[in-house]
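To start, the structure itself, in C-alpha cells.
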Amino acid sequence: MTRDAFRKMVGRRVLVLDGATGTELARKGMPTGVSPEAWVLENPRVLQEIQRTYLDAGSDAVYSCTFGGNRLKLQEFGLENRTAEINTALARISREAVRDRALVFGDLAPTGMFIEPFGDLPFEEAVAVYAEQARALLAGGVDGFVIETMMDLQEARAALIAVRESCDLPVMVSMTFGTDGRTLNGSDPLSALVTLQSLGADAVGCNCSTGPQDMAYVIAAMKPHAGVPLLAKPNAGMPRLVNGKTTFDMSPWEFGGHMPQLVKAGAAILGGCCGTDPDYIRALKASTAALAVAGPGGKRTAAASSYRETSLIAADLPLTLFGGRINPSGNPALAAALAKGDMALVRKMAQEQARRGAAIIDINVHAPGVDEAAAMRAAVLASVKACGRPVAVDTVDVEAAAQALRVLPGRGILNSVCAKNGAMEAMCEVAARYGAMIVCMPVDEKGTRGGTEAAIARIEKIVCCAAGYGIAPEDCLADCLVFTAASGPAAHRRTLELIDWCARSGRCGSLAGISNLTYGLEMRQWLDSTFLCMAAGRGLTAAFIDTACEYTLNAACAVDALAARDARMSRYIGRFGQQAGSGSAPEKKGVRTPGELVFDAVVDGDEEGVEQVIRNALDNGESPRLLVDDRLIPAINLVGDRFDRKEYFLPQLITCADTMRKGFAVLQPFLNAANGAEVRKGPKVVLATVQGDIHDIGKNIVALMLKNYNFDVIDLGKDVRAEDIIRAAKHHGADIIGLSALMTTTMVEMKKVIDLARAEELSRVRFMIGGAVVDQHYADEIGASGYASDAIGAVRLAQRFSGETLVSSSPDLAGKDDGNAQ
C-alpha cells in the first residue's frame, strides 16, 4: 500500500484495527515464559484463527505477531540469530490469514532498553536493530508498519528512521501515555506528535496503559496541531483478579460506547489493546460505522520540540526566546572543552539559559581544533538531556547538521540555510530528512550586499527551495540580520523592514539577534530592550537575547502582555506575581560555598563534575558525614519532590540518581574509615520481575532509587519464579519484597508469590507491587502491602514500611515518612 492510498483510506471512514493478541494467545494455550513469536511459529493456526475472527468482527487491519520480534527481545530466549527468519515467517502467517480481506501492519515494539542520551543503547545500534526487523517484515509481505507501545520518544524516532530508510510504506507510531498524560520518559502528547509527524509518520497516536476515557484527552491534546491521522488503541479498562484469573473492568458494550468520544476528540484509527477481544472490536465497529472522521487539518503553526516540551512559534503567540550563549566564539573555556569532547560546560550553559527563560537552546560548536560533526552531535544530546528544551543546530556544515538532527530527541531547528547555490539545497535536504525547521539566512555568493529588497529576494529563494523538499513556509524563520548600532541607523532600519515584510507577506516567521545590536557598546540593556519592543511592534516572532539580562527578559514579557500575545497575561503574572507579592526583587543565588555546590551538582545532575566538586568540598574542610547528611540527602529529596510535582521527569530522575551514586562513592571510603567499618545499610529489599515477564526497565529504575536512599537492594532480575523469590527473601532476611509485572498474562504471578510467602510464614515481610498493568485496587485484591506508580513512589512506600526517611545511618536523622505512594 502506498502512503497516499493509506491517507485516502483513513480519510473516508474510521479505520478499524485489531484487538489484543497476547491475551488471546494465552487463552488459547500459549504458556507463560515463552517467546510468543516462537510459539506462534509452532502453532500458526492459532494466530490465524484469532486474526480471522478479528476480521469477522470488523477489523480492517491486523498487526503481525512480532511485538517481541526485535533482536534484543529475541535474545532473551536465545533466538537473536533467527531474527530475520522469525519476522519474515510471522508476517507471512498473518498475510495468509487475512489474504486480501485486510491490511497487515508489521509490528515494531520496544527493545526494553533506554536509548542514548537517556540510556546505554547507542542510537545507531537501535536504528540497526529496527532496520533488521523492518527488512524481514518487508520480505514477509506487510502492507505497512506500526511502531507501538513506545514509552521513549527517542526509541520511537530510531524505529521510524529505520523504517523510513528501508521503504516508503505507511508507518503508524503509537506512544503509551499514563493517566497523567505523559509517557514513562516524560513526553507529552503534543511533543510526541510534533516530533513524529515531522519525521515522516503517517499516523500518530497512543495505545495501552489506559482506557478510552483517558485516551480521549491525549487525542484531544494532539488534534489542534495534527497534520496526520490520529490513532487510539485503548485497553478494556483496568485489569482485575477474579477467581485467580485476570479480567478487565470494562465490558465490550461499554468499550464501544466510548468510541464516538474518541472520534469526536480527533481519532480516525481505532482498535483495542490489553483485555480486548473480537467482541470489543465488534462493539467498536458498530458504534463508529456511521461516524464521519475529521481530517488531519490541524493548525499549521511552526513548532520545535524536545522529548518533553514544545515551543510554538507564531506572531500571535508569545515571543520565542532563543538562548545563544553556547558558542565558542569569544569563549576560550568553551572552545577548549569542545576540543577535548567535554560537554560539562555545554550542559551547565543550557541549564542556566533554560532557567532564565530561553525556550530554544541554540548550539554552535565551530572552533579551531574541534571536530564539528562529533561535537555538535554530543552537544545537542547533552543539552536536551540537561534541560529538556528544544534545540537549534547552529552550523553551516552539512555533516554536522545531519549528525545532530538525526539523534536529536525532538524536532530541531537548522540554523541556518543560506542562499548560496549548492549549499542551500544540501542543507534543505538534511532538514527535510529529519523534519527540522530552518532559519533562512539572506546571504549568497555576494554576501549581504544590497538593501531590504535584495535580502527579501534571498529569503524568497530559500523558502522556495525548502518547499521543493517538503518544508512548509511556516516552518521557515527569516534571519532579519541585526548588525551593531555602531554601524549606523540604516542597519537596524533594514532589520525592522524585514520583520515587517515577514509579518505582512506571511511567507515565513522572523528571527532577530537582538543582542547583536549592542555588540561593543556599554550599558547594552537599554538599547537591547528598546529595540526588542520596536521589533515586536513590527511582528517579530522569535529573538536571540542575552538571557542574563533581566531588562530584556522583562521587556519581552511586557510586550507579550500588552500585545495580547500572552493569553490572560499568564507568562507576565508568572514572572512578576511572586515579586509583586513580596515587594522585593527575586532572590539571587550569589556565590555558592563548596558544600552548596555539592547540593547543586546532584539537583542539576552534574554527572561529570560531581566527583571534583566533592573533592573540592573535602579540601575546604567539609565533613564527609555532613556532605552526606546536609548536602546529598536534601538534594536527592528535592529531586524526588520535583519529580512528584512533574517538574522533573524520568531522565532527570535517573541522571540525578546516578550523580548522587557517584558522589557517594567518593565519600564511602572516608565514611568507612570514620566508622571503622563499612557504613550500615538500610532495610533489605528483594526485587524481581515475576515469572514469565521479561520487562525490567521500571524495576531497574526502582532498584537504582532505593539504593540511593540506602536500602540494601537484592535484585533478582526478570522472569523469576515465585519459589526463587521466597528463597532469596529467606536467605537475605528481606524486610520488603518488590514485584514488577508489565503484562496482563503475568500479573497473576504476583499473587502466587504472596500466597507462597504466607504458606512459608514470612509474616514480617512487606510486599509492594508496581507495573503498567497494576494499581492500588489490584494490590488490595492480592493482599500486597502497597502499590507504587513510579520509582519515587516506591521509595516513599519503602520508607513508610521501614520508618526510614533519609539516606543516612545517623540515628538522629531517621524518622517516619507520612507521605503516600501515589
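Ligands are numbered from 1 in the order shown, residues from 1 within each chain, and chains are lettered A, B, ... in the order they appear in the C-alpha cells.
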Proximity of stretch 97-203 of chain A to stretch 651-660 of chain A: per-residue shortest pair, 10 Å limit, only C-alpha atoms, as a tab-separated table:
residue	atom	partner	partner_atom	distance
A:Phe114	CA	A:Pro651	CA	9.8
A:Pro117	CA	A:Pro651	CA	8.9
A:Phe118	CA	A:Pro651	CA	5.9
A:Gly119	CA	A:Pro651	CA	8.7
A:Leu184	CA	A:Pro651	CA	9.4
A:Asn185	CA	A:Pro651	CA	6.4
A:Gly186	CA	A:Pro651	CA	7.9
Write out as number ranges by chain the residues lying within 10 Å of A:Gly468, counting only C-alpha atoms and excluding same-chain residues fewer than 3 positions away. A: 425, 428-429, 432, 462-465, 471-472
Stretch 309-319 of chain A surroundings by only C-alpha atoms, 7 Å radius, close-in-sequence under 3 positions cut, as a list in words: Asp188, Leu190, Ser191, Thr301, Ala302, Ala303, Ala304, Ser305, Ser306, Ala359, Arg389, Gly509, Gly539, Leu540, Thr541, Ala542, Ala556, Asp560, Arg565 and Asp566 of chain A
I need the chosen residues saved as an mmCIF file, in the first residue's frame, with N, CA and C atoms.
data_model
loop_
_atom_site.group_PDB
_atom_site.id
_atom_site.type_symbol
_atom_site.label_atom_id
_atom_site.label_comp_id
_atom_site.auth_asym_id
_atom_site.auth_seq_id
_atom_site.Cartn_x
_atom_site.Cartn_y
_atom_site.Cartn_z
ATOM 1 N N ASP A 188 4.998 14.531 26.479
ATOM 2 C CA ASP A 188 3.593 14.913 26.435
ATOM 3 C C ASP A 188 3.041 14.647 25.041
ATOM 4 N N LEU A 190 1.629 16.516 22.682
ATOM 5 C CA LEU A 190 1.966 17.453 21.619
ATOM 6 C C LEU A 190 3.410 17.271 21.165
ATOM 7 N N SER A 191 4.332 17.091 22.094
ATOM 8 C CA SER A 191 5.736 16.908 21.713
ATOM 9 C C SER A 191 5.918 15.623 20.918
ATOM 10 N N THR A 301 1.076 25.643 12.616
ATOM 11 C CA THR A 301 1.889 26.536 13.440
ATOM 12 C C THR A 301 3.296 25.970 13.522
ATOM 13 N N ALA A 302 4.277 26.816 13.318
ATOM 14 C CA ALA A 302 5.660 26.370 13.446
ATOM 15 C C ALA A 302 5.887 25.853 14.860
ATOM 16 N N ALA A 303 6.609 24.750 14.974
ATOM 17 C CA ALA A 303 6.820 24.155 16.288
ATOM 18 C C ALA A 303 8.155 23.442 16.324
ATOM 19 N N ALA A 304 8.914 23.699 17.372
ATOM 20 C CA ALA A 304 10.124 22.940 17.665
ATOM 21 C C ALA A 304 9.871 22.184 18.961
ATOM 22 N N SER A 305 10.455 20.999 19.083
ATOM 23 C CA SER A 305 10.158 20.184 20.260
ATOM 24 C C SER A 305 11.403 19.481 20.773
ATOM 25 N N SER A 306 11.344 19.141 22.045
ATOM 26 C CA SER A 306 12.265 18.180 22.624
ATOM 27 C C SER A 306 11.411 16.955 22.949
ATOM 28 N N ALA A 359 13.502 29.569 25.487
ATOM 29 C CA ALA A 359 12.626 28.481 25.029
ATOM 30 C C ALA A 359 13.357 27.546 24.084
ATOM 31 N N ARG A 389 14.946 21.463 26.789
ATOM 32 C CA ARG A 389 14.442 22.461 25.851
ATOM 33 C C ARG A 389 14.717 22.021 24.404
ATOM 34 N N GLY A 509 8.158 33.159 9.292
ATOM 35 C CA GLY A 509 8.317 33.865 10.546
ATOM 36 C C GLY A 509 9.599 34.679 10.538
ATOM 37 N N GLY A 539 5.982 42.860 14.473
ATOM 38 C CA GLY A 539 5.508 41.487 14.258
ATOM 39 C C GLY A 539 6.564 40.415 14.423
ATOM 40 N N LEU A 540 7.660 40.716 15.097
ATOM 41 C CA LEU A 540 8.725 39.736 15.312
ATOM 42 C C LEU A 540 8.176 38.493 16.017
ATOM 43 N N THR A 541 8.601 37.318 15.532
ATOM 44 C CA THR A 541 8.098 36.082 16.138
ATOM 45 C C THR A 541 9.101 35.422 17.074
ATOM 46 N N ALA A 542 10.406 35.626 16.839
ATOM 47 C CA ALA A 542 11.409 34.974 17.677
ATOM 48 C C ALA A 542 12.639 35.859 17.778
ATOM 49 N N ALA A 556 10.375 41.564 27.154
ATOM 50 C CA ALA A 556 9.692 40.552 26.342
ATOM 51 C C ALA A 556 8.351 40.171 26.966
ATOM 52 N N ASP A 560 4.581 41.032 25.275
ATOM 53 C CA ASP A 560 3.598 39.972 25.035
ATOM 54 C C ASP A 560 2.277 40.274 25.731
ATOM 55 N N ARG A 565 -0.422 38.819 23.088
ATOM 56 C CA ARG A 565 0.207 37.573 22.655
ATOM 57 C C ARG A 565 0.323 36.596 23.825
ATOM 58 N N ASP A 566 0.154 37.095 25.009
ATOM 59 C CA ASP A 566 0.256 36.296 26.225
ATOM 60 C C ASP A 566 -1.158 36.119 26.777
#
Tell me which protein, DNA and RNA residues are within 9 Å of A:Ser166, counting only C-alpha atoms, leaving out same-chain ones fewer than 5 positions away, and put them as a VMD selection string. chain A and resid 131 134 to 135 138 161
Residues near A:Ser35, cut-off 12 Å, only C-alpha atoms, skip fewer than 2 positions along chain, as a ChimeraX atom specification: /A:22,25-26,30-33,37-42,65-70,73-80,86,692-694
Which is closer to A:Thr395 than all the others in A:Ala791, A:Ala722, A:Ile438, A:Ala290, using only C-alpha atoms? A:Ile438
Need the shell around A:Leu103: protein/DNA/RNA residues with any atom at most 12 Å away, counting only C-alpha atoms. Skip same-chain ones fewer than 4 positions apart. Format as an NGL selection string? :A and (1-2 or 6 or 9 or 15-18 or 51-52 or 55 or 59-64 or 91 or 94-99 or 141-146 or 170)
How would you write, as a PyMOL selection string, the set of residues in stretch 604-690 of chain A that DSSP gives as helix (DSSP H, G or I)? chain A and resi 604+610-619+624-644+650-675
Long-range neighbours of A:Leu626 as an MDAnalysis selection string, 10 Å cut-off, only C-alpha atoms, 6 positions minimum in chain: chainID A and resid 595 632:633
From A:Thr176, A:Thr23, A:Ser198, A:Thr210, residue lying nearest A:Ala431 [only C-alpha atoms]: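 That would be A:Ser198, the residue with the smallest distance to A:Ala431.
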What parts of stretch 119-332 of chain A does DSSP call strand (DSSP E)? I'd like the answer as an MDAnalysis selection string. chainID A and resid 144:150 171:175 203:207 230:233 239:242 245:248 267:270 302:305 310:313 320:326
Please compute the atom CA of A:Gly447-atom CA of A:Val482 distance, one decimal, in Å. 14.5 Å
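Straight-line separation from atom CA of A:Glu723 to atom CA of A:Asp755: 10.8 Å.
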